[in-house]
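Undergrad: As input, take coords-v2.txt (compact mmCIF, C-alpha atoms):
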```txt
# COMPACT_ATOMS: atom_id res chain seq x y z
CA MET N 1 15.75 -18.06 20.19
CA ASN N 2 18.33 -20.81 20.79
CA ARG N 3 21.05 -18.82 19.07
CA ARG N 4 21.25 -15.04 18.76
CA LEU N 5 20.75 -14.08 15.13
CA ALA N 6 21.52 -10.86 13.32
CA ILE N 7 20.74 -9.35 9.96
CA VAL N 8 24.06 -7.82 8.99
CA ASP N 9 23.09 -6.26 5.68
CA SER N 10 20.21 -6.03 3.23
CA GLU N 11 19.42 -4.42 -0.09
CA THR N 12 16.79 -4.22 -2.80
CA ASN N 13 16.86 -3.07 -6.38
CA PRO N 14 14.61 -0.22 -7.54
CA PHE N 15 11.07 -1.59 -7.65
CA GLY N 16 9.30 -0.87 -10.92
CA ARG N 17 9.00 -2.38 -14.36
CA HIS N 18 11.93 -4.56 -15.34
CA GLN N 19 10.75 -5.68 -18.75
CA GLY N 20 13.31 -7.83 -20.50
CA HIS N 21 15.20 -8.72 -17.35
CA SER N 22 14.98 -12.05 -15.55
CA ALA N 23 13.85 -11.89 -11.92
CA VAL N 24 16.42 -14.54 -11.07
CA ALA N 25 19.18 -12.45 -12.62
CA CYS N 26 17.94 -9.34 -10.79
CA ALA N 27 17.92 -11.21 -7.47
CA ALA N 28 21.40 -12.55 -8.13
CA GLU N 29 22.60 -9.02 -8.85
CA VAL N 30 21.33 -7.76 -5.48
CA ALA N 31 22.71 -10.82 -3.67
CA ALA N 32 26.12 -10.40 -5.31
CA LEU N 33 26.21 -6.81 -4.08
CA LEU N 34 25.70 -8.02 -0.51
CA LEU N 35 28.39 -10.67 -0.86
CA ASP N 36 30.84 -8.07 -2.16
CA ARG N 37 30.09 -5.82 0.80
CA ASN N 38 30.38 -8.66 3.31
CA PRO N 39 33.09 -11.07 2.17
CA GLY N 40 33.58 -12.55 5.61
CA VAL N 41 29.95 -13.55 5.83
CA ALA N 42 29.84 -14.64 2.20
CA ARG N 43 32.41 -17.35 2.89
CA ARG N 44 30.26 -18.76 5.70
CA ILE N 45 26.93 -19.03 3.89
CA GLY N 46 25.53 -22.51 4.33
CA LEU N 47 22.00 -21.98 3.10
CA ILE N 48 20.09 -19.91 0.56
CA THR N 49 16.36 -19.45 0.98
CA ALA N 50 14.33 -17.84 -1.79
CA GLY N 51 10.84 -16.41 -1.40
CA ALA N 52 8.62 -15.97 -4.43
CA ALA N 53 4.86 -16.15 -4.79
CA ARG N 54 4.31 -17.14 -8.39
CA MET N 55 7.49 -17.49 -10.38
CA VAL N 56 5.90 -20.19 -12.49
CA LYS N 57 3.73 -17.59 -14.12
CA ALA N 58 6.44 -14.99 -14.40
CA GLU N 59 9.30 -16.93 -15.88
CA GLY N 60 8.21 -20.53 -16.10
CA ILE N 61 10.39 -21.41 -13.13
CA GLY N 62 8.64 -23.52 -10.54
CA ASN N 63 11.58 -25.12 -8.78
CA GLY N 64 15.20 -24.43 -8.04
CA LEU N 65 15.09 -20.67 -7.58
CA ALA N 66 17.56 -20.66 -4.70
CA GLN N 67 19.90 -23.01 -6.53
CA ALA N 68 19.72 -20.94 -9.73
CA ILE N 69 20.64 -17.81 -7.80
CA GLY N 70 23.42 -19.69 -5.99
CA GLN N 71 24.88 -20.68 -9.35
CA LEU N 72 24.85 -17.09 -10.57
CA ILE N 73 26.60 -15.67 -7.50
CA GLY N 74 29.32 -18.28 -7.18
CA LEU N 75 27.74 -20.39 -4.46
CA PRO N 76 26.81 -23.48 -6.48
CA GLY N 77 27.42 -25.92 -3.67
CA VAL N 78 25.21 -24.22 -1.11
CA ALA N 79 21.90 -25.86 -0.27
CA GLY N 80 18.81 -23.96 -1.31
CA VAL N 81 15.20 -23.88 -0.14
CA GLU N 82 12.34 -22.27 -2.02
CA VAL N 83 9.42 -20.77 -0.10
CA HIS N 84 5.99 -19.85 -1.49
CA ALA N 85 3.64 -18.08 0.93
CA PHE N 86 1.79 -15.59 -1.25
CA CYS N 87 2.74 -12.00 -0.42
CA ALA N 88 4.59 -13.20 2.69
CA SER N 89 6.95 -15.45 0.71
CA SER N 90 10.23 -13.81 1.59
CA ASN N 91 9.10 -13.16 5.16
CA ALA N 92 8.61 -16.92 5.39
CA ALA N 93 12.01 -17.39 3.70
CA VAL N 94 13.60 -15.34 6.50
CA HIS N 95 11.71 -17.51 8.99
CA GLN N 96 12.98 -20.73 7.42
CA ALA N 97 16.56 -19.44 7.33
CA ALA N 98 16.31 -18.46 11.00
CA LEU N 99 15.06 -21.92 11.95
CA ALA N 100 17.99 -23.49 10.10
CA LEU N 101 20.51 -21.26 11.86
CA GLU N 102 18.88 -21.86 15.21
CA SER N 103 19.17 -25.60 14.69
CA GLY N 104 22.88 -25.30 13.96
CA ARG N 105 22.38 -26.40 10.37
CA ALA N 106 24.31 -23.32 9.19
CA ASP N 107 26.01 -20.26 10.62
CA ALA N 108 25.03 -17.84 7.89
CA ALA N 109 22.24 -17.72 5.34
CA LEU N 110 21.42 -15.65 2.31
CA VAL N 111 17.73 -14.84 1.97
CA VAL N 112 16.41 -13.55 -1.34
CA GLY N 113 12.96 -12.37 -2.33
CA LEU N 114 11.98 -11.90 -5.94
CA GLU N 115 9.03 -11.44 -8.21
CA HIS N 116 8.40 -10.00 -11.62
CA VAL N 117 4.73 -9.13 -11.76
CA LEU N 118 4.58 -6.44 -14.44
CA ALA N 119 7.25 -7.87 -16.71
CA ALA N 120 5.20 -11.04 -16.94
CA GLN N 121 2.22 -9.35 -18.55
CA PRO N 122 1.67 -6.94 -21.42
CA ARG N 123 1.30 -3.23 -20.80
CA GLY N 124 -2.19 -1.90 -20.25
CA GLU N 125 -4.99 -2.80 -17.90
CA LEU N 126 -4.12 -5.57 -15.48
CA GLN N 127 -6.23 -8.62 -16.04
CA PRO N 128 -7.90 -10.34 -13.08
CA GLU N 129 -6.34 -13.62 -12.17
CA ALA N 130 -8.36 -16.79 -12.39
CA GLY N 131 -8.52 -17.76 -8.72
CA GLY N 132 -11.82 -19.60 -8.81
CA PRO N 133 -15.40 -18.83 -9.81
CA ALA N 134 -15.66 -15.74 -7.57
CA SER N 135 -12.53 -14.27 -9.15
CA LEU N 136 -13.99 -14.83 -12.59
CA ARG N 137 -16.99 -12.77 -11.45
CA GLY N 138 -14.78 -9.87 -10.36
CA PHE N 139 -13.82 -10.79 -6.81
CA SER N 140 -10.27 -9.68 -6.01
CA PRO N 141 -8.13 -8.52 -3.06
CA PRO N 142 -9.30 -4.88 -3.22
CA VAL N 143 -12.91 -6.07 -3.17
CA PHE N 144 -12.32 -8.00 0.04
CA TYR N 145 -10.47 -5.19 1.75
CA ALA N 146 -13.14 -2.71 0.64
CA ILE N 147 -15.73 -4.87 2.39
CA CYS N 148 -13.49 -4.87 5.47
CA GLU N 149 -13.25 -1.07 5.36
CA ASP N 150 -17.00 -0.73 4.99
CA ARG N 151 -17.42 -2.76 8.18
CA TYR N 152 -14.55 -1.00 9.99
CA LEU N 153 -16.00 2.44 9.31
CA MET N 154 -19.36 1.34 10.68
CA GLU N 155 -17.92 -0.27 13.81
CA THR N 156 -15.49 2.52 14.72
CA GLY N 157 -17.14 5.65 13.34
CA ALA N 158 -13.89 6.49 11.56
CA PRO N 159 -14.20 8.81 8.58
CA ALA N 160 -13.16 7.35 5.24
CA ALA N 161 -10.72 10.25 4.85
CA ALA N 162 -8.75 9.02 7.87
CA ILE N 163 -8.17 5.69 6.18
CA ALA N 164 -7.22 7.45 2.94
CA GLN N 165 -4.69 9.52 4.88
CA VAL N 166 -2.60 6.35 5.22
CA ALA N 167 -1.81 6.64 1.50
CA VAL N 168 -0.78 10.29 1.90
CA ASN N 169 1.53 9.42 4.79
CA ASN N 170 3.15 6.42 3.15
CA ARG N 171 3.67 8.20 -0.15
CA ARG N 172 5.32 11.07 1.74
CA GLN N 173 7.72 8.63 3.41
CA GLY N 174 8.34 6.77 0.17
CA ALA N 175 9.49 10.00 -1.45
CA SER N 176 12.82 9.61 0.29
CA ASN N 177 13.23 5.92 -0.67
CA SER N 178 15.27 5.85 -3.86
CA ASN N 179 14.11 2.29 -4.57
CA ALA N 180 10.38 3.04 -4.26
CA ARG N 181 8.27 2.73 -7.39
CA PHE N 182 6.39 5.95 -6.59
CA LYS N 183 8.46 8.81 -5.18
CA GLU N 184 5.89 11.55 -5.70
CA GLU N 185 3.85 12.75 -2.75
CA VAL N 186 0.07 12.91 -3.05
CA THR N 187 -2.55 15.00 -1.29
CA LEU N 188 -5.61 13.71 0.49
CA GLY N 189 -7.72 15.32 -2.21
CA GLN N 190 -5.86 13.42 -4.90
CA VAL N 191 -6.25 10.16 -3.01
CA MET N 192 -9.97 10.63 -2.43
CA ALA N 193 -10.60 11.80 -6.01
CA SER N 194 -8.62 9.04 -7.72
CA ARG N 195 -10.52 6.40 -9.66
CA LEU N 196 -12.86 4.25 -7.61
CA ILE N 197 -11.68 0.64 -7.50
CA ALA N 198 -14.02 -0.90 -4.93
CA SER N 199 -15.98 1.52 -2.79
CA PRO N 200 -14.62 3.12 -0.61
CA LEU N 201 -11.14 2.17 -1.89
CA THR N 202 -9.81 4.46 -4.58
CA LEU N 203 -6.86 3.78 -6.87
CA LEU N 204 -4.28 5.56 -4.71
CA GLN N 205 -5.38 3.49 -1.72
CA CYS N 206 -4.32 0.30 -3.49
CA CYS N 207 -0.64 -0.59 -3.71
CA PRO N 208 0.96 -0.58 -7.14
CA GLN N 209 2.25 -3.83 -8.52
CA ALA N 210 5.96 -3.94 -9.31
CA ASP N 211 8.88 -6.08 -10.34
CA GLY N 212 11.61 -6.29 -7.76
CA ALA N 213 14.22 -8.25 -5.89
CA GLY N 214 15.91 -8.01 -2.53
CA ALA N 215 18.31 -9.91 -0.33
CA LEU N 216 19.58 -10.00 3.22
CA LEU N 217 22.31 -11.78 5.16
CA LEU N 218 21.35 -13.56 8.36
CA VAL N 219 24.05 -14.85 10.71
CA ALA N 220 24.41 -16.62 14.04
CA MET N 221 26.16 -14.22 16.39
CA ASP N 222 27.99 -17.00 18.26
CA ALA N 223 29.73 -17.97 15.03
CA ILE N 224 30.20 -14.67 13.23
CA GLU N 225 31.29 -11.43 14.85
CA VAL N 226 28.76 -8.67 14.16
CA ASP N 227 29.23 -6.29 17.07
CA GLY N 228 31.24 -3.87 14.98
CA ALA N 229 29.17 -4.23 11.84
CA ALA N 230 27.51 -0.95 10.97
CA GLY N 231 23.92 -1.53 10.04
CA ALA N 232 23.49 -4.88 11.78
CA VAL N 233 20.33 -5.53 13.80
CA GLU N 234 19.33 -8.49 15.91
CA LEU N 235 16.48 -10.77 14.89
CA LEU N 236 14.78 -11.29 18.23
CA GLY N 237 11.57 -13.17 17.50
CA LEU N 238 9.52 -14.70 14.71
CA GLY N 239 5.93 -15.78 14.38
CA SER N 240 3.70 -17.37 11.78
CA GLY N 241 -0.07 -17.71 11.80
CA SER N 242 -2.80 -19.11 9.63
CA ALA N 243 -6.57 -19.30 9.93
CA ASP N 244 -9.65 -20.60 8.20
CA ALA N 245 -11.82 -18.64 5.80
CA ASP N 246 -14.15 -17.23 8.47
CA LEU N 247 -15.98 -14.37 6.81
CA ALA N 248 -17.38 -13.17 10.12
CA LEU N 249 -13.96 -11.66 10.75
CA LEU N 250 -13.80 -8.50 8.69
CA THR N 251 -12.03 -6.15 11.08
CA SER N 252 -9.57 -8.49 12.80
CA PHE N 253 -7.47 -11.31 11.39
CA PRO N 254 -6.54 -14.08 13.85
CA GLU N 255 -3.51 -15.13 11.79
CA ASP N 256 -1.99 -11.70 12.50
CA VAL N 257 -2.75 -11.94 16.19
CA GLU N 258 -1.09 -15.35 16.42
CA ALA N 259 1.97 -14.37 14.37
CA GLY N 260 2.44 -11.30 16.56
CA ARG N 261 1.96 -13.27 19.76
CA GLN N 262 4.69 -15.73 18.78
CA ALA N 263 7.11 -13.02 17.66
CA TYR N 264 6.66 -10.93 20.82
CA ALA N 265 7.05 -14.02 23.03
CA GLY N 266 10.22 -15.07 21.24
CA ALA N 267 11.68 -11.60 21.48
CA GLY N 268 10.65 -10.89 25.04
CA VAL N 269 9.44 -7.55 23.74
CA GLY N 270 5.89 -6.22 23.94
CA PRO N 271 4.03 -4.21 21.33
CA GLN N 272 4.26 -1.09 23.48
CA GLU N 273 8.06 -1.21 23.05
CA ILE N 274 8.02 -1.23 19.25
CA ASP N 275 9.30 2.03 17.78
CA VAL N 276 8.97 1.29 14.08
CA ALA N 277 6.95 -1.17 12.00
CA GLU N 278 6.82 -2.15 8.37
CA VAL N 279 3.42 -3.75 7.87
CA HIS N 280 1.29 -4.96 4.98
CA ASP N 281 -0.36 -1.87 3.51
CA ALA N 282 -1.50 -3.46 0.28
CA PHE N 283 -4.55 -1.29 0.90
CA THR N 284 -4.89 1.63 3.27
CA ILE N 285 -7.38 -0.23 5.47
CA SER N 286 -5.16 -3.30 5.72
CA GLN N 287 -2.44 -1.25 7.45
CA VAL N 288 -4.93 -0.05 10.05
CA ILE N 289 -6.30 -3.52 10.80
CA HIS N 290 -2.87 -5.16 10.95
CA LEU N 291 -1.58 -2.52 13.40
CA GLU N 292 -4.54 -3.19 15.66
CA ASP N 293 -4.19 -6.97 15.41
CA LEU N 294 -0.53 -6.73 16.35
CA GLY N 295 -1.42 -4.75 19.47
CA LEU N 296 0.53 -1.75 18.21
CA LEU N 297 -2.58 0.41 18.32
CA ALA N 298 -5.74 0.05 20.39
CA ARG N 299 -8.63 -1.90 18.86
CA GLY N 300 -10.91 0.42 16.94
CA GLU N 301 -8.47 3.31 17.32
CA GLY N 302 -5.93 2.43 14.64
CA TRP N 303 -7.35 4.94 12.19
CA ARG N 304 -6.40 7.80 14.48
CA HIS N 305 -2.70 7.02 13.95
CA ALA N 306 -2.89 8.24 10.37
CA LEU N 307 -3.98 11.66 11.60
CA ASP N 308 -1.32 11.94 14.32
CA ALA N 309 1.92 13.07 12.67
CA GLY N 310 3.73 13.09 16.00
CA HIS N 311 2.78 9.58 17.10
CA ARG N 312 5.67 7.68 18.71
CA LEU N 313 5.09 4.61 16.49
CA VAL N 314 6.65 5.10 13.05
CA VAL N 315 4.87 3.03 10.41
CA ASN N 316 6.24 2.08 7.00
CA PRO N 317 9.15 4.56 6.90
CA SER N 318 10.24 3.10 3.55
CA GLY N 319 6.87 4.07 2.07
CA GLY N 320 5.26 0.69 2.47
CA LEU N 321 3.69 -1.20 -0.37
CA LEU N 322 1.66 1.89 -1.27
CA ALA N 323 4.78 3.80 -2.33
CA ARG N 324 7.41 1.13 -2.74
CA GLY N 325 5.24 -1.12 -4.89
CA HIS N 326 4.45 -4.76 -4.28
CA PRO N 327 6.56 -7.33 -6.08
CA LEU N 328 4.96 -10.05 -3.95
CA GLY N 329 7.90 -12.30 -3.11
CA ALA N 330 10.33 -9.39 -2.79
CA THR N 331 8.18 -7.34 -0.42
CA GLY N 332 9.16 -9.10 2.79
CA VAL N 333 12.88 -8.60 2.30
CA ALA N 334 12.20 -4.94 1.49
CA GLN N 335 10.30 -4.63 4.78
CA PHE N 336 13.22 -6.09 6.73
CA ASP N 337 15.50 -3.69 4.86
CA GLY N 338 13.30 -0.78 5.87
CA VAL N 339 13.28 -1.65 9.57
CA ARG N 340 17.00 -2.50 9.60
CA ARG N 341 17.89 0.87 8.08
CA TYR N 342 15.65 2.71 10.53
CA LEU N 343 17.00 0.96 13.63
CA ALA N 344 20.64 1.04 12.58
CA GLY N 345 20.51 4.49 11.00
CA GLU N 346 21.40 7.64 12.78
CA ALA N 347 18.57 9.92 11.72
CA VAL N 348 16.50 9.30 14.85
CA ASP N 349 17.30 9.55 18.56
CA PRO N 350 18.59 6.09 19.62
CA ARG N 351 16.03 5.99 22.41
CA ARG N 352 13.29 6.01 19.76
CA ARG N 353 14.72 3.25 17.60
CA ARG N 354 15.27 0.31 19.91
CA PHE N 355 12.83 -2.24 18.53
CA GLY N 356 11.15 -2.76 15.19
CA LEU N 357 8.55 -5.08 13.72
CA VAL N 358 7.94 -6.57 10.28
CA GLN N 359 4.56 -8.05 9.32
CA GLU N 360 3.23 -9.33 6.06
CA ALA N 361 -0.03 -11.09 5.26
CA GLY N 362 -0.25 -13.58 2.44
CA GLY N 363 -3.34 -14.96 0.77
CA LEU N 364 -6.94 -13.91 0.95
CA ARG N 365 -9.50 -14.87 3.58
CA PRO N 366 -12.48 -15.84 1.39
CA LEU N 367 -10.23 -18.20 -0.56
CA GLY N 368 -9.07 -19.90 2.63
CA GLN N 369 -5.41 -19.22 1.83
CA LEU N 370 -3.89 -17.28 4.67
CA GLN N 371 -0.47 -16.84 6.18
CA SER N 372 0.73 -14.01 8.32
CA GLU N 373 4.41 -13.64 9.18
CA CYS N 374 5.76 -11.39 11.91
CA ALA N 375 9.26 -10.61 13.15
CA VAL N 376 10.65 -8.45 15.94
CA LEU N 377 14.07 -6.87 15.48
CA GLY N 378 16.26 -4.92 17.86
CA ARG N 379 19.07 -2.44 17.53
CA LEU N 380 22.32 -4.00 18.73
CA GLY N 381 23.14 -2.67 22.15
CA ALA N 382 19.63 -1.32 22.72
CA MET T 1 -31.07 -18.84 -8.32
CA ARG T 2 -31.47 -22.11 -6.50
CA ARG T 3 -32.01 -22.70 -2.78
CA PRO T 4 -32.57 -19.06 -1.83
CA GLY T 5 -32.08 -17.94 1.71
CA SER T 6 -32.10 -14.56 3.31
CA GLY T 7 -29.66 -12.73 5.47
CA GLN T 8 -28.25 -9.42 6.52
CA VAL T 9 -25.35 -7.55 4.93
CA ALA T 10 -22.33 -7.39 7.27
CA GLY T 11 -20.11 -5.45 4.90
CA ALA T 12 -20.33 -4.52 1.25
CA THR T 13 -18.68 -2.86 -1.68
CA PHE T 14 -19.27 -2.24 -5.34
CA THR T 15 -17.09 -1.92 -8.41
CA GLU T 16 -17.79 -0.89 -11.99
CA THR T 17 -18.91 -4.39 -12.84
CA ALA T 18 -20.56 -5.88 -9.76
CA SER T 19 -21.49 -5.52 -6.11
CA PHE T 20 -20.20 -7.75 -3.34
CA ALA T 21 -21.28 -8.36 0.23
CA VAL T 22 -20.49 -10.60 3.13
CA VAL T 23 -23.92 -11.76 4.22
CA ASP T 24 -24.83 -13.18 7.63
CA LEU T 25 -27.38 -15.85 6.79
CA GLU T 26 -30.04 -16.89 9.23
CA GLY T 27 -28.51 -19.85 11.01
CA GLY T 28 -25.13 -18.24 11.51
CA LEU T 29 -23.39 -18.94 8.22
CA GLN T 30 -21.52 -16.16 6.45
CA LEU T 31 -20.88 -16.12 2.74
CA LEU T 32 -19.71 -13.84 -0.01
CA ALA T 33 -22.55 -12.88 -2.34
CA ILE T 34 -22.33 -11.11 -5.67
CA GLY T 35 -24.90 -8.76 -7.14
CA PRO T 36 -25.30 -6.90 -10.40
CA PRO T 37 -23.64 -3.57 -11.17
CA GLY T 38 -25.65 -0.69 -9.77
CA PHE T 39 -26.85 -2.69 -6.78
CA ARG T 40 -25.48 -0.92 -3.70
CA PRO T 41 -26.15 -3.04 -0.63
CA ARG T 42 -25.49 -1.39 2.73
CA ILE T 43 -24.68 -2.85 6.11
CA GLY T 44 -27.87 -4.07 7.75
CA ASP T 45 -29.80 -4.51 4.49
CA ARG T 46 -31.70 -7.75 4.15
CA VAL T 47 -30.93 -9.61 0.95
CA THR T 48 -31.98 -12.86 -0.63
CA VAL T 49 -29.12 -15.17 -1.50
CA GLY T 50 -29.02 -18.12 -3.83
CA GLU T 51 -26.52 -20.32 -5.57
CA HIS T 52 -25.32 -19.10 -8.92
CA GLY T 53 -24.48 -22.57 -10.18
CA ASP T 54 -20.70 -22.24 -10.29
CA GLY T 55 -20.02 -22.33 -6.55
CA THR T 56 -20.62 -18.62 -6.05
CA TYR T 57 -23.70 -16.92 -4.62
CA ASP T 58 -25.96 -14.25 -6.02
CA MET T 59 -27.79 -11.65 -3.95
CA ARG T 60 -30.80 -9.47 -4.60
CA LEU T 61 -33.30 -7.48 -2.59
CA PRO T 62 -36.17 -9.60 -1.18
CA GLY T 63 -38.98 -9.76 -3.70
CA ALA T 64 -36.80 -8.60 -6.59
CA ARG T 65 -36.41 -10.79 -9.65
```
I need this file expressed as structure tokens, please.
TA:
Amino acid sequence: MNRRLAIVDSETNPFGRHQGHSAVACAAEVAALLLDRNPGVARRIGLITAGAARMVKAEGIGNGLAQAIGQLIGLPGVAGVEVHAFCASSNAAVHQAALALESGRADAALVVGLEHVLAAQPRGELQPEAGGPASLRGFSPPVFYAICEDRYLMETGAPAAAIAQVAVNNRRQGASNSNARFKEEVTLGQVMASRLIASPLTLLQCCPQADGAGALLLVAMDAIEVDGAAGAVELLGLGSGSADADLALLTSFPEDVEAGRQAYAGAGVGPQEIDVAEVHDAFTISQVIHLEDLGLLARGEGWRHALDAGHRLVVNPSGGLLARGHPLGATGVAQFDGVRRYLAGEAVDPRRRRFGLVQEAGGLRPLGQLQSECAVLGRLGA
Amino acid sequence: MRRPGSGQVAGATFTETASFAVVDLEGGLQLLAIGPPGFRPRIGDRVTVGEHGDGTYDMRLPGAR
């Protein structure tokens, strides 16, 4: 990177159902908390980026999210940029803020991620979204990932229970995340016996939807002193990848590979050095494939990680989407928050929390709408 | 179904309401095909694929109607 950047603080609200509350107001509430905690940075904010996947549906707001939040938190004169990249919206918002800081356009940026998914629809069974003729016939994200798992199991010989174990692990880790939607642990038996969604994916192997908001503060270290800031981590590298709708690729996604390649190259850090990762576990199998695509686990061997409680790579310590819930545009900021807390926290030996990775995939391959975002972070002084 | 072709299932799933498969068609093209509920295609199965008329594709076992 041209300038050294750091995330000095981050926060989310409790993910869940926020019926009757505006997502913009919720995001502003979280952002205001950060500004209160970091007044020195707050005065230097020159840009607000806001990531949201489908606010038009949720609150009838299609433009001006960043500006609306800026108004609510007392930063009405700060420029705002709105980013839509499916589930990776706020990851892309971090990316855009980083590019602006690198260019010298600003010295500090506020990044917010927000989405109200549940509050935008009545209680009861979720209705499939109209995403084209295939969606109207029942095609949906779990269907695609179930097909991927079917293929993965055949190619690798992995047992379906090993993939399901991902849900057990992530729910266990989410139990200690006070902002997770689901804080109850589940057993492998419960996961396997839960309602079938798309064979072999059962209900507890699919992330819960949620309403949520999060925010983080990104600064240029040559302009703002962060060395003494507890909780600050350095943003070392970023990557972004896309790909066409090639259905031959069911067990590897080239957009992930490219995003990871860029992020590692920018950071000067290799996948073997990553200690902790927050990756896109919208479905149990997606976590396994993303970890392999990012080079964090050997190709065809990713499923074994779920069975190895002592593995050096810590995955989704915040509980991931499977426990935390998935408020689309807010998920990316929550992932950054999870890695920042792990690296800057004191619960783990410093030698085992030097570098972290954030990855989120947006869109769906058969629909030809794909974006993968990846970032590498480092503990200051590591 | 119009313009039927045949191919091999590369990966498949089923839900309460339908079955789905990525099918490798002869000639190298892959597409997503949709079958009726209760149809449980497996990897390696040969299926007949045809256009549904709305831009999606149907699948069935060869010879089935």
Undergrad: When you look at stretch 34-36 of chain T with a cut-off of 12 Å (counting only C-alpha atoms), what residues show up, excluding the ones that are within fewer than 4 positions of it in the same chain? I need them as number ranges by chain.
TA: N: 133-139, 143-144; T: 1, 9, 12-23, 40-41, 47-52, 55-61, 64-65
Undergrad: Between atom CA of N:Gly270 and atom CA of N:Gly237, measure the distance and give it in Å to one decimal.
TA: 11.0 Å
Undergrad: Contacts between chain T and chain N, please, where a residue of chain N counts if it comes within 9 Å (with all atoms listed in the file); show its shortest atom pair and distance in Å to one decimal, rows by chain and ascending number, as a Markdown table.
TA:
```
| residue | atom | partner | partner_atom | distance |
| --- | --- | --- | --- | --- |
| N:Gly132 | CA | T:Gly55 | CA | 8.9 |
| N:Pro133 | CA | T:Asp54 | CA | 6.3 |
| N:Ala134 | CA | T:Thr56 | CA | 5.9 |
| N:Arg137 | CA | T:Ala18 | CA | 7.9 |
| N:Gly138 | CA | T:Ala18 | CA | 7.0 |
| N:Phe139 | CA | T:Phe20 | CA | 7.9 |
| N:Val143 | CA | T:Thr13 | CA | 6.8 |
| N:Phe144 | CA | T:Thr13 | CA | 8.4 |
| N:Ala146 | CA | T:Thr13 | CA | 6.0 |
| N:Ile147 | CA | T:Ala12 | CA | 4.8 |
| N:Cys148 | CA | T:Gly11 | CA | 6.7 |
| N:Glu149 | CA | T:Gly11 | CA | 8.2 |
| N:Asp150 | CA | T:Gly11 | CA | 5.7 |
| N:Arg151 | CA | T:Gly11 | CA | 5.0 |
| N:Tyr152 | CA | T:Gly11 | CA | 8.8 |
| N:Met154 | CA | T:Ile43 | CA | 8.2 |
| N:Leu196 | CA | T:Thr15 | CA | 7.5 |
| N:Ile197 | CA | T:Thr15 | CA | 6.1 |
| N:Ala198 | CA | T:Thr15 | CA | 4.8 |
| N:Ser199 | CA | T:Thr13 | CA | 5.3 |
| N:Pro200 | CA | T:Thr13 | CA | 7.3 |
| N:Asp246 | CA | T:Gln30 | CA | 7.7 |
| N:Leu247 | CA | T:Gln30 | CA | 5.8 |
| N:Ala248 | CA | T:Gln30 | CA | 6.3 |
| N:Leu250 | CA | T:Gly11 | CA | 8.0 |
| N:Pro366 | CA | T:Leu32 | CA | 7.6 |
```
Undergrad: Which residues come within 6 Å of N:Ala108, counting only C-alpha atoms, excluding same-chain residues fewer than 3 positions away, as number ranges by chain?
TA: N: 44-46, 218-219
Undergrad: Could you tell me how far atom CA of N:Asn179 lies from atom CA of N:Glu11, in Å and to one decimal?
TA: 9.7 Å
Undergrad: State, in Å with one decimal place, the distance from atom CA of N:Ala160 to atom CA of T:Asp45.
TA: 20.4 Å
Undergrad: Considering all atoms listed in the file, state which residue in the set N:Gly329, N:Gly212, N:Gly362, N:Gly310 is at the smallest distance from N:Gln19.
TA: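 Looking only at the distances to N:Gln19, the closest residue turns out to be N:Gly212.
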Undergrad: Name all residues at most 7 Å from N:Asp293 (count only C-alpha atoms; drop same-chain ones fewer than 2 positions away) and give them as a list of chain:residue names.
TA: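 Result of the neighbour search: N:Ser252, N:Phe253, N:Asp256, N:Val257, N:Ile289, N:His290, N:Leu291, N:Gly295.
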Undergrad: Counting only C-alpha atoms, what is within 8 Å of N:Ala50, bar same-chain residues fewer than 4 positions away, as a ChimeraX atom specification?
TA: /N:65-66,80-83,90,93,111-114
Undergrad: What's the 6 Å shell around stretch 275-281 of chain N, counting all atoms listed in the file, without same-chain residues fewer than 2 positions away, as a PyMOL selection string?
TA: chain N and resi 283-284+286-287+313-316+321+335+352-353+355-360
Undergrad: Pick from N:Gln209, N:Thr156, N:Ser140, N:Thr202: nearest to N:Leu328, with all atoms listed in the file counted?
TA: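 The shortest atom-to-atom distance to N:Leu328 comes from N:Gln209.
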Undergrad: Put the listed atoms of stretch 34-47 of chain T in a box along x, y and z with 6 Å added on every side and give me the centre and edge lengths in Å to one decimal, as lines of an AutoDock Vina configuration file.
TA:
```
center_x = -27.0
center_y = -5.9
center_z = -1.7
size_x = 21.4
size_y = 22.4
size_z = 30.9
```
Undergrad: Can you write stretch 135-140 of chain N from the block above with N, CA and C atoms, as a PDB file, in the first residue's frame?
TA:
```
ATOM      1  N   SER N 135     -35.069 -18.645 -10.328  1.00  0.00           N
ATOM      2  CA  SER N 135     -35.461 -18.369  -8.944  1.00  0.00           C
ATOM      3  C   SER N 135     -36.951 -18.616  -8.757  1.00  0.00           C
ATOM      4  N   LEU N 136     -37.732 -18.260  -9.750  1.00  0.00           N
ATOM      5  CA  LEU N 136     -39.172 -18.487  -9.646  1.00  0.00           C
ATOM      6  C   LEU N 136     -39.503 -19.973  -9.611  1.00  0.00           C
ATOM      7  N   ARG N 137     -38.582 -20.805 -10.112  1.00  0.00           N
ATOM      8  CA  ARG N 137     -38.790 -22.255 -10.075  1.00  0.00           C
ATOM      9  C   ARG N 137     -38.098 -22.897  -8.864  1.00  0.00           C
ATOM     10  N   GLY N 138     -37.626 -22.081  -7.932  1.00  0.00           N
ATOM     11  CA  GLY N 138     -37.091 -22.620  -6.686  1.00  0.00           C
ATOM     12  C   GLY N 138     -35.586 -22.551  -6.540  1.00  0.00           C
ATOM     13  N   PHE N 139     -34.897 -22.057  -7.570  1.00  0.00           N
ATOM     14  CA  PHE N 139     -33.445 -21.961  -7.454  1.00  0.00           C
ATOM     15  C   PHE N 139     -33.083 -20.840  -6.475  1.00  0.00           C
ATOM     16  N   SER N 140     -32.103 -21.106  -5.610  1.00  0.00           N
ATOM     17  CA  SER N 140     -31.740 -20.138  -4.580  1.00  0.00           C
ATOM     18  C   SER N 140     -30.303 -20.418  -4.145  1.00  0.00           C
TER      19      SER N 140
END
```
